[in-house]
Amino acid sequence: MQKTGMAVTGDEIAATGDMPTYQIRAPPTALPQGVVVAASPGSLHSPQQLAEEATRKRELRLMKNREAAKECRRRKKEYVKCLESRVAVLEVQNKKLIEELETLKDICSPKTD
DNA sequence: CAATCTGATCGTCATTTAAT
DNA sequence: ATTAAATGACGATCAGATTG
């Protein structure tokens, strides 16, 4: 079964304490609507450009992490399958050993007459 | 048949681990 | 020390099963 769920959790609620810039929770989109600030002469980056760059970076990070999570889950599933098949093998092996033990016991047990 | 339960899957955040 | 990738945990969403 394939799911198409989109989990849209609160995306900017957690208190933004001190954290590295590459992890800023929500892009600084706090510019007064409609107000256009001219780029300072000589500067390559107006505040808008910086904001856009921030959102761009954030979206890229989310996308990468999304893919990383998928891959991580895939690997984990495979790992669990591996363990399960190992369990199956060991169970068979254990059963055989128990049987062998029983026959050896029979052979070695003193005769009861 | 609608309401509820259940298990699977997903995206995101926070944290840990690995790479530089 | 900084940055990127991997992973655990959480809540949201869906599909199918169960129940009254």
# chains A, B, ... in the order shown; residues from 1 in each chain; ligands from 1
$ residues_around --residues "DT17 in chain B" --least-positions-apart "4" --cutoff "10 Å" --atoms "only C-alpha atoms (C1' of nucleotides)" --output "JSON, numbers by chain"
{"C": [5, 6, 7]}
$ closest_atom_pairs --of "chain C" --to "chain A" --cutoff "7 Å" --atoms "only C-alpha atoms (C1' of nucleotides)" --output "Markdown table"
| residue | atom | partner | partner_atom | distance |
| --- | --- | --- | --- | --- |
| C:DA12 | C1' | A:Ala7 | CA | 4.6 |
| C:DT13 | C1' | A:Gly5 | CA | 4.7 |
| C:DC14 | C1' | A:Lys3 | CA | 5.9 |
$ closest_atom_pairs --of "chain B" --to "chain A" --cutoff "10 Å" --atoms "only C-alpha atoms (C1' of nucleotides)" --output "JSON lines"
{"residue": "B:DA8", "atom": "C1'", "partner": "A:Met1", "partner_atom": "CA", "distance": 8.2}
{"residue": "B:DT9", "atom": "C1'", "partner": "A:Lys3", "partner_atom": "CA", "distance": 6.1}
{"residue": "B:DC10", "atom": "C1'", "partner": "A:Gly5", "partner_atom": "CA", "distance": 5.9}
{"residue": "B:DG11", "atom": "C1'", "partner": "A:Ala7", "partner_atom": "CA", "distance": 5.4}
{"residue": "B:DT12", "atom": "C1'", "partner": "A:Thr9", "partner_atom": "CA", "distance": 7.2}
{"residue": "B:DC13", "atom": "C1'", "partner": "A:Asp11", "partner_atom": "CA", "distance": 8.7}
$ write_last_selection --atoms "C-alpha atoms (C1' of nucleotides)" --output "compact mmCIF listing (two decimals), in the first residue's frame"
# COMPACT_ATOMS: atom_id res chain seq x y z
C1' DA B 8 2.23 1.58 7.78
C1' DT B 9 4.31 5.54 5.81
C1' DC B 10 5.66 10.17 5.54
C1' DG B 11 7.88 14.88 6.60
C1' DT B 12 10.00 17.47 9.99
C1' DC B 13 12.75 18.64 14.04
$ residues_around --residues "DT19 in chain C" --least-positions-apart "2" --cutoff "12 Å" --atoms "only C-alpha atoms (C1' of nucleotides)" --output "PDB file with C-alpha atoms (C1' of nucleotides), in the first residue's frame"
ATOM      1  C1'  DC B   1     -22.731   1.792   6.744  1.00  0.00           C
ATOM      2  C1'  DA B   2     -20.532   5.257   9.773  1.00  0.00           C
ATOM      3  C1'  DA B   3     -17.368   5.394  13.561  1.00  0.00           C
ATOM      4  C1'  DT B   4     -13.382   3.728  15.503  1.00  0.00           C
ATOM      5  C1'  DC B   5      -9.073   1.135  15.687  1.00  0.00           C
TER       6       DC B   5
ATOM      7  C1'  DA C  17      -9.948  -4.183   9.260  1.00  0.00           C
TER       8       DA C  17
END
